[in-house]
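> Just final-v4.cif, nothing more (mmCIF, C-alpha atoms):
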```cif
data_my_file
#
loop_
_atom_site.label_atom_id
_atom_site.label_comp_id
_atom_site.auth_asym_id
_atom_site.auth_seq_id
_atom_site.Cartn_x
_atom_site.Cartn_y
_atom_site.Cartn_z
CA MET A 45 152.77 -54.25 49.68
CA SER A 46 149.95 -55.14 47.31
CA ALA A 47 149.63 -58.42 49.24
CA TYR A 48 148.21 -56.38 52.13
CA ILE A 49 145.31 -55.08 50.02
CA TYR A 50 144.64 -58.47 48.44
CA ASP A 51 144.49 -59.96 51.92
CA LEU A 52 141.91 -57.36 52.97
CA ILE A 53 139.83 -58.03 49.87
CA ARG A 54 139.92 -61.80 50.48
CA GLN A 55 138.37 -61.21 53.91
CA GLY A 56 135.21 -59.87 52.28
CA GLU A 57 133.04 -57.23 53.90
CA HIS A 58 132.58 -57.62 57.65
CA GLN A 59 132.12 -55.57 60.81
CA GLN A 60 135.40 -53.72 60.34
CA LEU A 61 135.66 -53.67 56.56
CA ASP A 62 133.46 -52.25 53.81
CA PHE A 63 133.98 -52.04 50.04
CA LYS A 64 132.86 -49.03 48.01
CA HIS A 65 132.89 -49.04 44.21
CA SER A 66 132.93 -45.23 44.34
CA ILE A 67 131.69 -42.35 46.47
CA THR A 68 128.99 -40.12 45.05
CA ASP A 69 127.18 -39.01 48.22
CA SER A 70 129.04 -37.62 51.24
CA LYS A 71 125.96 -37.93 53.46
CA LYS A 72 125.66 -41.64 52.71
CA ILE A 73 129.36 -42.19 53.43
CA ALA A 74 128.95 -40.25 56.69
CA ARG A 75 126.67 -43.05 57.92
CA SER A 76 129.43 -45.61 57.33
CA LEU A 77 132.04 -43.45 59.05
CA ALA A 78 129.74 -42.92 62.04
CA ALA A 79 128.86 -46.62 62.23
CA PHE A 80 132.52 -47.68 62.27
CA ALA A 81 133.45 -45.01 64.82
CA ASN A 82 130.56 -45.97 67.12
CA THR A 83 131.35 -49.69 67.02
CA ASP A 84 134.84 -51.16 66.63
CA GLY A 85 136.43 -48.83 64.11
CA GLY A 86 137.22 -50.13 60.64
CA LYS A 87 138.25 -49.55 57.06
CA LEU A 88 136.63 -48.48 53.82
CA LEU A 89 138.27 -49.70 50.62
CA VAL A 90 137.15 -47.27 47.93
CA GLY A 91 137.51 -48.50 44.37
CA VAL A 92 136.58 -52.12 45.16
CA ARG A 93 133.33 -53.69 44.00
CA ASP A 94 131.12 -55.75 46.33
CA ASN A 95 132.45 -58.95 44.75
CA GLY A 96 136.04 -57.93 45.55
CA SER A 97 137.10 -56.97 42.04
CA ILE A 98 139.09 -53.76 41.63
CA ALA A 99 137.33 -50.87 39.92
CA GLY A 100 139.66 -48.01 40.79
CA VAL A 101 138.82 -44.39 41.59
CA LYS A 102 140.01 -40.83 41.13
CA SER A 103 141.67 -40.54 44.51
CA ASP A 104 141.46 -36.72 44.88
CA GLU A 105 137.73 -36.61 44.23
CA GLU A 106 137.01 -39.53 46.53
CA PHE A 107 139.18 -38.06 49.30
CA TYR A 108 137.30 -34.77 49.27
CA MET A 109 133.96 -36.61 49.40
CA VAL A 110 135.13 -38.56 52.48
CA GLN A 111 136.51 -35.39 54.04
CA ALA A 112 133.15 -33.66 53.58
CA ALA A 113 131.40 -36.68 55.11
CA ALA A 114 133.68 -36.69 58.16
CA GLU A 115 133.81 -32.95 58.77
CA MET A 116 130.43 -31.65 57.57
CA TYR A 117 128.00 -34.55 58.01
CA CYS A 118 129.31 -36.41 61.07
CA LYS A 119 128.53 -34.83 64.43
CA PRO A 120 130.92 -34.63 66.16
CA GLU A 121 133.54 -34.82 63.42
CA VAL A 122 135.06 -38.24 62.75
CA PRO A 123 138.87 -38.49 62.47
CA PHE A 124 140.20 -40.70 59.68
CA GLU A 125 143.41 -41.62 57.89
CA THR A 126 143.83 -42.24 54.18
CA LYS A 127 146.29 -44.18 52.09
CA VAL A 128 146.43 -44.37 48.30
CA TRP A 129 147.29 -47.70 46.67
CA LYS A 130 148.13 -48.53 43.04
CA MET A 131 146.72 -51.94 42.14
CA GLU A 132 146.37 -53.47 38.68
CA ARG A 133 147.13 -50.05 37.17
CA LYS A 134 144.23 -48.59 39.13
CA THR A 135 144.01 -46.37 42.21
CA LEU A 136 142.40 -47.52 45.47
CA LEU A 137 141.75 -45.45 48.55
CA GLU A 138 142.04 -47.02 52.02
CA ILE A 139 140.13 -45.08 54.69
CA THR A 140 140.83 -46.04 58.32
CA ILE A 141 138.36 -44.93 61.01
CA PRO A 142 139.23 -45.41 64.70
CA LYS A 143 136.73 -46.41 67.34
CA ILE A 144 135.62 -43.32 69.27
CA LEU A 145 136.78 -42.97 72.84
CA SER A 146 134.74 -39.88 73.67
CA SER A 147 131.59 -39.62 75.79
CA GLU A 148 129.45 -38.87 72.74
CA LEU A 149 128.20 -41.15 69.97
CA ILE A 150 128.62 -39.97 66.38
CA THR A 151 125.50 -39.03 64.42
CA ALA A 152 124.97 -38.78 60.65
CA PRO A 153 121.98 -37.76 58.51
CA ASN A 154 119.48 -40.42 57.47
CA LYS A 155 117.56 -40.31 54.18
CA ASP A 156 115.22 -37.71 55.69
CA GLU A 157 118.11 -35.46 56.73
CA LYS A 158 117.56 -36.25 60.42
CA TYR A 159 120.68 -36.98 62.43
CA ARG A 160 120.77 -40.47 63.93
CA VAL A 161 123.29 -42.74 65.67
CA TYR A 162 124.56 -45.61 63.50
CA ILE A 163 126.43 -48.76 64.49
CA ARG A 164 128.08 -51.49 62.44
CA VAL A 165 126.76 -55.06 62.79
CA ASN A 166 128.54 -57.64 60.64
CA ASP A 167 128.56 -56.02 57.17
CA GLN A 168 125.65 -53.62 57.66
CA ASN A 169 124.99 -50.24 59.25
CA PHE A 170 121.97 -49.80 61.52
CA ILE A 171 120.28 -46.87 63.24
CA VAL A 172 120.14 -47.61 66.96
CA ASN A 173 116.99 -47.31 69.07
CA ASN A 174 116.31 -45.56 72.40
CA ILE A 175 117.00 -48.69 74.44
CA TYR A 176 120.49 -49.04 72.97
CA LEU A 177 121.18 -45.31 73.44
CA LYS A 178 120.00 -45.21 77.04
CA ALA A 179 121.93 -48.35 77.93
CA TRP A 180 125.08 -46.99 76.27
CA ASN A 181 124.80 -43.75 78.25
CA LYS A 182 124.26 -45.56 81.55
CA LYS A 183 127.32 -47.68 80.92
CA LYS A 184 129.45 -44.79 79.75
CA PHE A 185 128.63 -42.55 82.69
CA GLY A 186 128.48 -45.27 85.34
CA LYS A 187 124.89 -44.68 86.39
CA GLY A 188 123.57 -47.18 88.90
CA VAL A 189 121.17 -49.92 87.90
CA LEU A 190 118.69 -51.72 90.11
CA VAL A 191 116.92 -54.80 88.75
CA ARG A 192 114.19 -56.62 90.60
CA TYR A 193 113.23 -60.11 89.50
CA ALA A 194 109.51 -59.44 89.47
CA GLU A 195 106.68 -60.75 87.31
CA PRO A 196 107.65 -58.81 84.12
CA GLU A 197 111.20 -60.13 84.26
CA LYS A 198 109.94 -63.68 84.87
CA ILE A 199 107.63 -63.39 81.86
CA LEU A 200 110.52 -62.11 79.74
CA PHE A 201 112.97 -64.87 80.65
CA ASP A 202 110.36 -67.61 80.44
CA TYR A 203 109.54 -66.44 76.91
CA LEU A 204 113.21 -66.25 75.92
CA ASP A 205 113.86 -69.74 77.27
CA ASN A 206 111.37 -71.06 74.73
CA ASN A 207 111.67 -68.61 71.85
CA LYS A 208 115.24 -67.26 72.00
CA LYS A 209 114.31 -63.68 70.99
CA ILE A 210 111.55 -61.14 71.52
CA THR A 211 110.52 -57.76 70.12
CA PHE A 212 109.86 -54.74 72.30
CA SER A 213 106.15 -54.66 71.41
CA LYS A 214 105.79 -58.38 72.18
CA PHE A 215 107.37 -57.87 75.60
CA MET A 216 105.02 -54.95 76.33
CA ARG A 217 101.98 -57.03 75.44
CA LEU A 218 103.02 -60.18 77.30
CA ALA A 219 103.99 -58.34 80.49
CA LYS A 220 101.14 -55.82 80.18
CA LEU A 221 103.52 -52.91 80.67
CA SER A 222 103.55 -49.31 79.56
CA LYS A 223 106.18 -48.32 77.01
CA TYR A 224 108.11 -46.47 79.74
CA LYS A 225 108.24 -49.44 82.14
CA ALA A 226 109.07 -52.00 79.46
CA GLU A 227 111.87 -49.79 78.12
CA LYS A 228 113.31 -49.22 81.60
CA ILE A 229 113.47 -52.97 82.29
CA LEU A 230 115.20 -53.73 79.00
CA VAL A 231 117.66 -50.85 79.37
CA ASN A 232 118.76 -52.06 82.79
CA LEU A 233 119.11 -55.66 81.62
CA VAL A 234 121.20 -54.53 78.64
CA VAL A 235 123.43 -52.45 80.91
CA LEU A 236 124.04 -55.53 83.07
CA ASP A 237 124.84 -57.66 79.97
CA ILE A 238 121.97 -59.99 80.74
CA ILE A 239 120.05 -59.03 77.60
CA GLN A 240 121.52 -57.91 74.28
CA VAL A 241 120.03 -55.89 71.44
CA VAL A 242 119.98 -57.67 68.08
CA PHE A 243 119.65 -55.50 64.98
CA THR A 244 118.37 -57.02 61.72
CA GLU A 245 117.21 -55.52 58.43
CA ASN A 246 113.54 -55.77 59.36
CA GLN A 247 113.30 -55.65 63.16
CA VAL A 248 115.11 -55.16 66.43
CA PHE A 249 115.07 -58.11 68.82
CA TYR A 250 116.21 -58.81 72.37
CA GLN A 251 117.80 -62.05 73.50
CA ILE A 252 119.87 -63.49 76.33
CA ALA A 253 123.34 -61.94 76.06
CA LYS A 254 126.14 -64.07 74.68
CA ASN A 255 129.91 -63.65 74.75
CA GLY A 256 130.04 -61.05 77.51
CA THR A 257 129.79 -57.30 77.01
CA VAL A 258 127.52 -56.03 74.25
CA ILE A 259 127.82 -52.26 74.71
CA GLU A 260 131.19 -50.72 75.40
#
```
Take the structure in the file and write it out as structure tokens.

Amino acid sequence: MSAYIYDLIRQGEHQQLDFKHSITDSKKIARSLAAFANTDGGKLLVGVRDNGSIAGVKSDEEFYMVQAAAEMYCKPEVPFETKVWKMERKTLLEITIPKILSSELITAPNKDEKYRVYIRVNDQNFIVNNIYLKAWNKKKFGKGVLVRYAEPEKILFDYLDNNKKITFSKFMRLAKLSKYKAEKILVNLVVLDIIQVVFTENQVFYQIAKNGTVIE
């Protein structure tokens, strides 16, 4: 069965897999649990370094830290399953988090103790913005969307044809729109899978949607 763990490790960290050398902060782990649950689900391998080497953990201590993260610091609580593995005379903990199917996104505390919605993008966790949240809610609850191809939309698509991506503030300035109107246009276009939200370490961008549905 050790081949199963080695296969996971060979994959490296990605959207549904994260390595943790150890767990020392339940609030920080809560962000990972929330991000997995809000996106596609996934696994944490605790006791594995970022480079894939096996460090090992004290499974009882790590389990209680994860349990505290899921039950105390994720709102609503995140379900998870655990499995203990013995590898190279060391103990690893596999944490499996399912994708949520409820009508509510999971929140976890940020560094300032404020609860925010996190999602998983590739191998990173990001706090989502209002446009993502509003689009998610419209999709989830089947609220109607009406899009008119007016001057602001023309400006947006003309810009994206030439530049591939745009920030919210850039769109506001180019189209000479209020924050409310610019946000409403982008939300509706995201709901219709015409525009997708792109999260990066430094900024949030918007681009023409690729590969179908972005928010589920």
> Which polymer residues have any atom within 9 Å of an atom of Ser76 of chain A, counting all atoms listed in the file, with same-chain residues fewer than 6 positions away left out, as a VMD selection string?
chain A and resid 62 88 152 162 to 164 168 to 169
> What residues come out when you apply the PyMOL selection byres ((chain A and resi 231) around 8) to this file, written as a ChimeraX atom specification?
/A:175-176,178-179,227-230,232-235
> Between A:Glu157, A:Glu148, A:Asp202, A:Glu57, single out the one closest to Val122 of chain A, counting all atoms listed in the file.
A:Glu148
> Might you pull out every residue within 12 Å of Met216 of chain A, with all atoms listed in the file counted and same-chain residues fewer than 4 positions away left off, and present them as a list in words?
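Using all atoms listed in the file, the neighbours found are Pro196, Glu197, Ile199, Leu200, Ile210, Thr211, Phe212, Lys220, Leu221, Ser222, Lys223, Tyr224, Lys225, Ala226, Glu227, Lys228, Ile229 and Leu230 of chain A.
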> I'd like to know which of A:Ile238, A:Ala47, A:Ala253, A:Ile98 is closest to Lys134 of chain A, using all atoms listed in the file.
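The shortest atom-to-atom distance to Lys134 of chain A comes from A:Ile98.
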> Taking all atoms listed in the file into account, which of A:Ile53, A:Leu77, A:Leu89, A:Met131 comes nearest Ala114 of chain A?
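Among the listed residues, A:Leu77 lies closest to Ala114 of chain A.
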> Between atom CA of Phe107 of chain A and atom CA of Thr126 of chain A, what distance in Å does the model show, to one decimal?
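Distance between the two atoms: 7.9 Å.
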> Since I can't run it myself right now, could you work out what the PyMOL selection byres ((chain A and resi 208) around 12) selects here and report it as a VMD selection string?
chain A and resid 200 to 207 209 to 211 239 to 240 242 249 to 254
> Convert the output of the PyMOL selection byres ((chain A and resi 84) around 8) on the shown file into explicit residues, formatted as a compact mmCIF listing (two decimals) with C-alpha atoms, in the coordinates of the input.

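Once written, result07.txt looks like this:
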```
# COMPACT_ATOMS: atom_id res chain seq x y z
CA GLN A 59 132.12 -55.57 60.81
CA GLN A 60 135.40 -53.72 60.34
CA PHE A 80 132.52 -47.68 62.27
CA ALA A 81 133.45 -45.01 64.82
CA ASN A 82 130.56 -45.97 67.12
CA THR A 83 131.35 -49.69 67.02
CA GLY A 85 136.43 -48.83 64.11
CA GLY A 86 137.22 -50.13 60.64
CA PRO A 142 139.23 -45.41 64.70
CA LYS A 143 136.73 -46.41 67.34
CA ARG A 164 128.08 -51.49 62.44
```
> Around the point (128.2, -35.3, 59.9) in the file's coordinates, collect all residues with an atom within 10 Å, using all atoms listed in the file, and return them as a VMD selection string.
chain A and resid 70 to 75 77 to 78 112 to 122 150 to 153 159 to 160
> Would you export the selected residues with C-alpha atoms as a PDB file, in the frame of the given file, please?

```pdb
ATOM      1  CA  SER A  70     129.040 -37.620  51.240  1.00  0.00           C
ATOM      2  CA  LYS A  71     125.960 -37.930  53.460  1.00  0.00           C
ATOM      3  CA  LYS A  72     125.660 -41.640  52.710  1.00  0.00           C
ATOM      4  CA  ILE A  73     129.360 -42.190  53.430  1.00  0.00           C
ATOM      5  CA  ALA A  74     128.950 -40.250  56.690  1.00  0.00           C
ATOM      6  CA  ARG A  75     126.670 -43.050  57.920  1.00  0.00           C
ATOM      7  CA  LEU A  77     132.040 -43.450  59.050  1.00  0.00           C
ATOM      8  CA  ALA A  78     129.740 -42.920  62.040  1.00  0.00           C
ATOM      9  CA  ALA A 112     133.150 -33.660  53.580  1.00  0.00           C
ATOM     10  CA  ALA A 113     131.400 -36.680  55.110  1.00  0.00           C
ATOM     11  CA  ALA A 114     133.680 -36.690  58.160  1.00  0.00           C
ATOM     12  CA  GLU A 115     133.810 -32.950  58.770  1.00  0.00           C
ATOM     13  CA  MET A 116     130.430 -31.650  57.570  1.00  0.00           C
ATOM     14  CA  TYR A 117     128.000 -34.550  58.010  1.00  0.00           C
ATOM     15  CA  CYS A 118     129.310 -36.410  61.070  1.00  0.00           C
ATOM     16  CA  LYS A 119     128.530 -34.830  64.430  1.00  0.00           C
ATOM     17  CA  PRO A 120     130.920 -34.630  66.160  1.00  0.00           C
ATOM     18  CA  GLU A 121     133.540 -34.820  63.420  1.00  0.00           C
ATOM     19  CA  VAL A 122     135.060 -38.240  62.750  1.00  0.00           C
ATOM     20  CA  ILE A 150     128.620 -39.970  66.380  1.00  0.00           C
ATOM     21  CA  THR A 151     125.500 -39.030  64.420  1.00  0.00           C
ATOM     22  CA  ALA A 152     124.970 -38.780  60.650  1.00  0.00           C
ATOM     23  CA  PRO A 153     121.980 -37.760  58.510  1.00  0.00           C
ATOM     24  CA  TYR A 159     120.680 -36.980  62.430  1.00  0.00           C
ATOM     25  CA  ARG A 160     120.770 -40.470  63.930  1.00  0.00           C
TER      26      ARG A 160
END
```
> Between atom CA of Ile49 of chain A and atom CA of Ser103 of chain A, what is the spacing in Å?
16.0 Å
> With all atoms listed in the file as the basis for distance, which of A:Ser46, A:Thr68, A:Gln55, A:Gln247 is at the shortest distance from Asn173 of chain A?
A:Gln247
> One decimal, Å: what's the distance from atom CA of Tyr108 of chain A over to atom CA of Ala79 of chain A, could you say?
19.5 Å
> Given the choices A:Ala219, A:Val90, A:Ile141, A:Val165, which gets closest to Val241 of chain A if the distance is worked out from all atoms listed in the file?
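Once distances to Val241 of chain A are computed over all atoms listed in the file, the minimum belongs to A:Val165.
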> Go through A:Ala99, A:Leu236, A:Leu149, A:Lys64 and flag the residue nearest Leu177 of chain A, using all atoms listed in the file for the distances.
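That would be A:Leu149, the residue with the smallest distance to Leu177 of chain A.
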